[in-house]
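Right, one structure below, let's go through it.
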Amino acid sequence: MTLAELDSQQAGSLAEVTAAADAAALEQVRVRYLGRNGLLPAIIKQMKDVPAAERPEFGKRVQAWRAALERALGERVAGVGTAKKEQAAFDCTLPGRWPSPGAKHPVSRVIEETAAIFARLGFTVADGPDIETRFNNFTALNTPAHHPSMDASDTFWLTGDRLLRTQTSPVQIRMMTCHTPPIRIITPGRTYRRDTTDATHSANFHQIEGLYVDTKPVSLADLKSTLAYYAQEMMGAKAGVRFRPHFFPFTEPSVEVDFSCHVCGGKGCRVCKMSGWIEIAGAGMVDPRVYEHVNRARGDQAYDPAAVYGYAFGFGVERIAMVKYGIPDIRWLYENDTRFLSQLA
Ligand code: PHE
């Protein structure tokens, strides 16, 4: 065999590797050229017949051919393997992945429903920032420096007398500082307390504040009828409300507001812990001291404590969502588990 023949044989063998369709065809090429009875061992055996002058060059080319052929075979065999695996992984008979439709989060749902109900009573929605001043969150709300909620163990303090608001009540102050009566607002939003998370507590939760201030008299009876209307719209026509005496620094008198249990209708069950009532909100008549603080912040006397009347209330949004939808653990509202969240779709 001449050097030229050797080169053309090499080119032919590499073309066969390229043309082979699958692993079996590649194996046939390998056996034909590199197998024990293959062409390359035969050529090597016949090296002695090659003229002595050409022999070193001939030997070099045979070795180069073997190396090139082995490399080409190796690459193709690996490629055929992956293609096969890819083919096996794609099962065209499997059903496709459907994008699952989202659902409104229970917290958003309660906020939106509440806004719609109060809109029918003439309340608009106001907004306030999560980062508040000590003045808006505490001082103007008649909360003295020694009050436990001011403590660093109860409140997330930031620098410069700022904090993550512990309640939505500071929006009352913001509204009154910028507007004169009449005011009818609700203000939903996030609130923060240093609570350890458990089934009913979270360091970050939501409240909906309400504020009604007017120069015409408004009383605890108006507050009660407003909240009774809300209870019925939110929880069903049979829902009732009850007020229990309580204390908040910024309302006087203050009450805690219970809704009658919508599950048992007031007879007593597990949801209401056998009492027939579920605690929902804090409320009361705006304390005259709050108006005094507001006037000081405004620099005028727009809120004459003897001539303005007002009530305020604050709901826990998660609390309403849990009661309304029968959610036993507040953490479910924050885990983003679509198996839970999609149930309200
Ligand atoms: N801000 C009070 C709380 O977080 C609730 C409240 C709001 C009470 C408005 C009275 C009036 O507990």
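All residue names refer to the structure tokens as shown: chains lettered A, B, ... in order, residues numbered from 1 in each chain, ligands numbered from 1 in order.
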Within 9 Å of ligand 1, which residues show up when you count only C-alpha atoms and all ligand atoms? List them as a ChimeraX atom specification, please. /A:166-170,172,191,207-211,247-252,254-256,281-286,311-316
Give me the residues near stretch 2-5 of chain A as a PyMOL selection string, where near means some atom within 9 Å (using only C-alpha atoms) and where sequence neighbours in that chain fewer than 3 positions away do not count. chain A and resi 8-10+50+54+57-58+61
Between A:Lys267, A:Ser100, A:His293, A:Gly310, single out the one closest to A:Ala221, counting only C-alpha atoms.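 For A:Ala221, the nearest of the given residues is A:Gly310.
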If you run DSSP over the backbone, which residues in stretch 244-310 of chain A end up helix (DSSP H, G or I)? Put them as a PyMOL selection string. chain A and resi 288-298
Same residues, N, CA, C and O atoms, saved as an mmCIF file, in the first residue's frame:
data_model
loop_
_atom_site.group_PDB
_atom_site.id
_atom_site.type_symbol
_atom_site.label_atom_id
_atom_site.label_comp_id
_atom_site.auth_asym_id
_atom_site.auth_seq_id
_atom_site.Cartn_x
_atom_site.Cartn_y
_atom_site.Cartn_z
ATOM 1 N N PRO A 288 -60.171 63.600 73.556
ATOM 2 C CA PRO A 288 -59.895 65.030 73.318
ATOM 3 C C PRO A 288 -58.403 65.355 73.301
ATOM 4 O O PRO A 288 -57.965 66.260 72.588
ATOM 5 N N ARG A 289 -57.617 64.619 74.053
ATOM 6 C CA ARG A 289 -56.163 64.868 74.072
ATOM 7 C C ARG A 289 -55.534 64.675 72.694
ATOM 8 O O ARG A 289 -54.548 65.319 72.353
ATOM 9 N N VAL A 290 -56.096 63.756 71.922
ATOM 10 C CA VAL A 290 -55.581 63.517 70.566
ATOM 11 C C VAL A 290 -55.785 64.768 69.726
ATOM 12 O O VAL A 290 -54.878 65.200 69.003
ATOM 13 N N TYR A 291 -56.974 65.402 69.846
ATOM 14 C CA TYR A 291 -57.223 66.638 69.098
ATOM 15 C C TYR A 291 -56.225 67.724 69.494
ATOM 16 O O TYR A 291 -55.771 68.505 68.656
ATOM 17 N N GLU A 292 -55.896 67.774 70.791
ATOM 18 C CA GLU A 292 -54.931 68.786 71.246
ATOM 19 C C GLU A 292 -53.564 68.573 70.591
ATOM 20 O O GLU A 292 -52.918 69.524 70.144
ATOM 21 N N HIS A 293 -53.133 67.319 70.531
ATOM 22 C CA HIS A 293 -51.853 67.011 69.867
ATOM 23 C C HIS A 293 -51.903 67.376 68.390
ATOM 24 O O HIS A 293 -50.945 67.920 67.832
ATOM 25 N N VAL A 294 -53.039 67.078 67.762
ATOM 26 C CA VAL A 294 -53.195 67.380 66.331
ATOM 27 C C VAL A 294 -53.120 68.890 66.110
ATOM 28 O O VAL A 294 -52.420 69.371 65.209
ATOM 29 N N ASN A 295 -53.813 69.658 66.955
ATOM 30 C CA ASN A 295 -53.769 71.115 66.831
ATOM 31 C C ASN A 295 -52.338 71.640 66.954
ATOM 32 O O ASN A 295 -51.916 72.527 66.216
ATOM 33 N N ARG A 296 -51.593 71.066 67.890
ATOM 34 C CA ARG A 296 -50.211 71.500 68.091
ATOM 35 C C ARG A 296 -49.394 71.199 66.827
ATOM 36 O O ARG A 296 -48.604 72.020 66.374
ATOM 37 N N ALA A 297 -49.620 70.026 66.243
ATOM 38 C CA ALA A 297 -48.885 69.670 65.020
ATOM 39 C C ALA A 297 -49.295 70.566 63.853
ATOM 40 O O ALA A 297 -48.470 70.934 63.026
ATOM 41 N N ARG A 298 -50.574 70.912 63.788
ATOM 42 C CA ARG A 298 -51.073 71.761 62.693
ATOM 43 C C ARG A 298 -50.706 73.221 62.894
ATOM 44 O O ARG A 298 -50.594 73.980 61.943
#
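For stretch 35-169 of chain A, backbone-based DSSP labels the following residues as strand (DSSP E): Thr124, Val125, Ile131, Glu132, Thr133, Arg162, Leu163 and Leu164 of chain A.
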Would you put the residues from that selection into a file with N, CA and C atoms, as an mmCIF file, in the first residue's frame?
data_model
loop_
_atom_site.group_PDB
_atom_site.id
_atom_site.type_symbol
_atom_site.label_atom_id
_atom_site.label_comp_id
_atom_site.auth_asym_id
_atom_site.auth_seq_id
_atom_site.Cartn_x
_atom_site.Cartn_y
_atom_site.Cartn_z
ATOM 1 N N THR A 124 -63.745 56.809 52.570
ATOM 2 C CA THR A 124 -62.757 56.601 51.510
ATOM 3 C C THR A 124 -61.526 55.927 52.116
ATOM 4 N N VAL A 125 -60.621 55.470 51.246
ATOM 5 C CA VAL A 125 -59.436 54.749 51.714
ATOM 6 C C VAL A 125 -58.237 55.694 51.746
ATOM 7 N N ILE A 131 -43.063 53.010 57.931
ATOM 8 C CA ILE A 131 -42.105 53.628 58.854
ATOM 9 C C ILE A 131 -42.737 54.910 59.384
ATOM 10 N N GLU A 132 -42.875 54.976 60.689
ATOM 11 C CA GLU A 132 -43.581 56.098 61.306
ATOM 12 C C GLU A 132 -42.668 56.861 62.260
ATOM 13 N N THR A 133 -43.155 58.008 62.693
ATOM 14 C CA THR A 133 -42.438 58.776 63.715
ATOM 15 C C THR A 133 -42.997 58.399 65.079
ATOM 16 N N ARG A 162 -37.572 56.889 64.745
ATOM 17 C CA ARG A 162 -38.508 56.276 63.814
ATOM 18 C C ARG A 162 -38.670 54.807 64.148
ATOM 19 N N LEU A 163 -39.784 54.241 63.689
ATOM 20 C CA LEU A 163 -40.092 52.861 64.038
ATOM 21 C C LEU A 163 -40.974 52.256 62.961
ATOM 22 N N LEU A 164 -41.055 50.920 62.972
ATOM 23 C CA LEU A 164 -42.046 50.250 62.127
ATOM 24 C C LEU A 164 -43.357 50.361 62.888
#
Within 10 Å of A:Asp329 using only C-alpha atoms, minus same-chain residues under 4 positions, as number ranges by chain: A: 198-201, 318, 322, 333
With only C-alpha atoms as the counted atoms, please give the residues lying no more than 12 Å from stretch 35-47 of chain A, apart from itself and same-chain residues fewer than 4 positions off, as a PyMOL selection string. chain A and resi 1-3+5-6+9-10+13+27-31+51-67+69-70
Grab the atom CA of A:Ala231 to atom CA of A:Phe118 distance for me, in Å with one decimal place.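 Between atom CA of A:Ala231 and atom CA of A:Phe118 the gap works out to 11.1 Å.
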Distance atom CA of A:Asn136-atom CA of A:Ile320, one decimal place?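 So the answer is 25.8 Å.
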Neighbouring residues of A:Gly240 were defined as those with any atom within 8 Å, considering only C-alpha atoms; residues of the same chain fewer than 4 positions away were excluded. Please report them as a VMD selection string. chain A and resid 228 231 to 232 259 to 260
Prev. selection, all heavy atoms, output as a PDB file, in the first residue's frame:
ATOM      1  N   ALA A 228     -71.906  47.146  63.261  1.00  0.00           N
ATOM      2  CA  ALA A 228     -72.916  46.091  63.086  1.00  0.00           C
ATOM      3  C   ALA A 228     -73.206  45.883  61.597  1.00  0.00           C
ATOM      4  O   ALA A 228     -73.317  44.749  61.122  1.00  0.00           O
ATOM      5  CB  ALA A 228     -74.201  46.459  63.828  1.00  0.00           C
ATOM      6  N   ALA A 231     -70.289  44.044  60.166  1.00  0.00           N
ATOM      7  CA  ALA A 231     -70.308  42.627  60.555  1.00  0.00           C
ATOM      8  C   ALA A 231     -71.282  41.837  59.673  1.00  0.00           C
ATOM      9  O   ALA A 231     -70.968  40.738  59.211  1.00  0.00           O
ATOM     10  CB  ALA A 231     -70.707  42.494  62.025  1.00  0.00           C
ATOM     11  N   GLN A 232     -72.451  42.416  59.435  1.00  0.00           N
ATOM     12  CA  GLN A 232     -73.448  41.693  58.644  1.00  0.00           C
ATOM     13  C   GLN A 232     -73.023  41.568  57.181  1.00  0.00           C
ATOM     14  O   GLN A 232     -73.211  40.522  56.561  1.00  0.00           O
ATOM     15  CB  GLN A 232     -74.794  42.411  58.723  1.00  0.00           C
ATOM     16  CG  GLN A 232     -75.468  42.138  60.060  1.00  0.00           C
ATOM     17  CD  GLN A 232     -76.675  43.006  60.320  1.00  0.00           C
ATOM     18  OE1 GLN A 232     -77.109  43.751  59.447  1.00  0.00           O
ATOM     19  NE2 GLN A 232     -77.198  42.921  61.519  1.00  0.00           N
ATOM     20  N   PHE A 259     -67.685  40.090  67.281  1.00  0.00           N
ATOM     21  CA  PHE A 259     -68.734  39.688  66.341  1.00  0.00           C
ATOM     22  C   PHE A 259     -69.328  38.393  66.873  1.00  0.00           C
ATOM     23  O   PHE A 259     -68.591  37.555  67.415  1.00  0.00           O
ATOM     24  CB  PHE A 259     -68.165  39.414  64.947  1.00  0.00           C
ATOM     25  CG  PHE A 259     -67.775  40.658  64.181  1.00  0.00           C
ATOM     26  CD1 PHE A 259     -67.869  41.924  64.752  1.00  0.00           C
ATOM     27  CD2 PHE A 259     -67.331  40.554  62.870  1.00  0.00           C
ATOM     28  CE1 PHE A 259     -67.506  43.060  64.041  1.00  0.00           C
ATOM     29  CE2 PHE A 259     -66.970  41.684  62.147  1.00  0.00           C
ATOM     30  CZ  PHE A 259     -67.051  42.936  62.734  1.00  0.00           C
ATOM     31  N   SER A 260     -70.639  38.206  66.688  1.00  0.00           N
ATOM     32  CA  SER A 260     -71.209  36.913  67.077  1.00  0.00           C
ATOM     33  C   SER A 260     -70.610  35.854  66.156  1.00  0.00           C
ATOM     34  O   SER A 260     -70.295  36.115  65.006  1.00  0.00           O
ATOM     35  CB  SER A 260     -72.727  36.937  66.956  1.00  0.00           C
ATOM     36  OG  SER A 260     -73.098  37.176  65.623  1.00  0.00           O
TER      37      SER A 260
END
Measuring between only C-alpha atoms, which one of A:Asp130, A:Thr187, A:Val171, A:Val257 shows the shortest distance to A:Pro245?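 Answer, going by the shortest atom-to-atom distance: A:Val257.
Atom pair atom CA of A:Arg184 / atom CA of A:Asp161 has a distance of 29.1 Å (rounded to one decimal).
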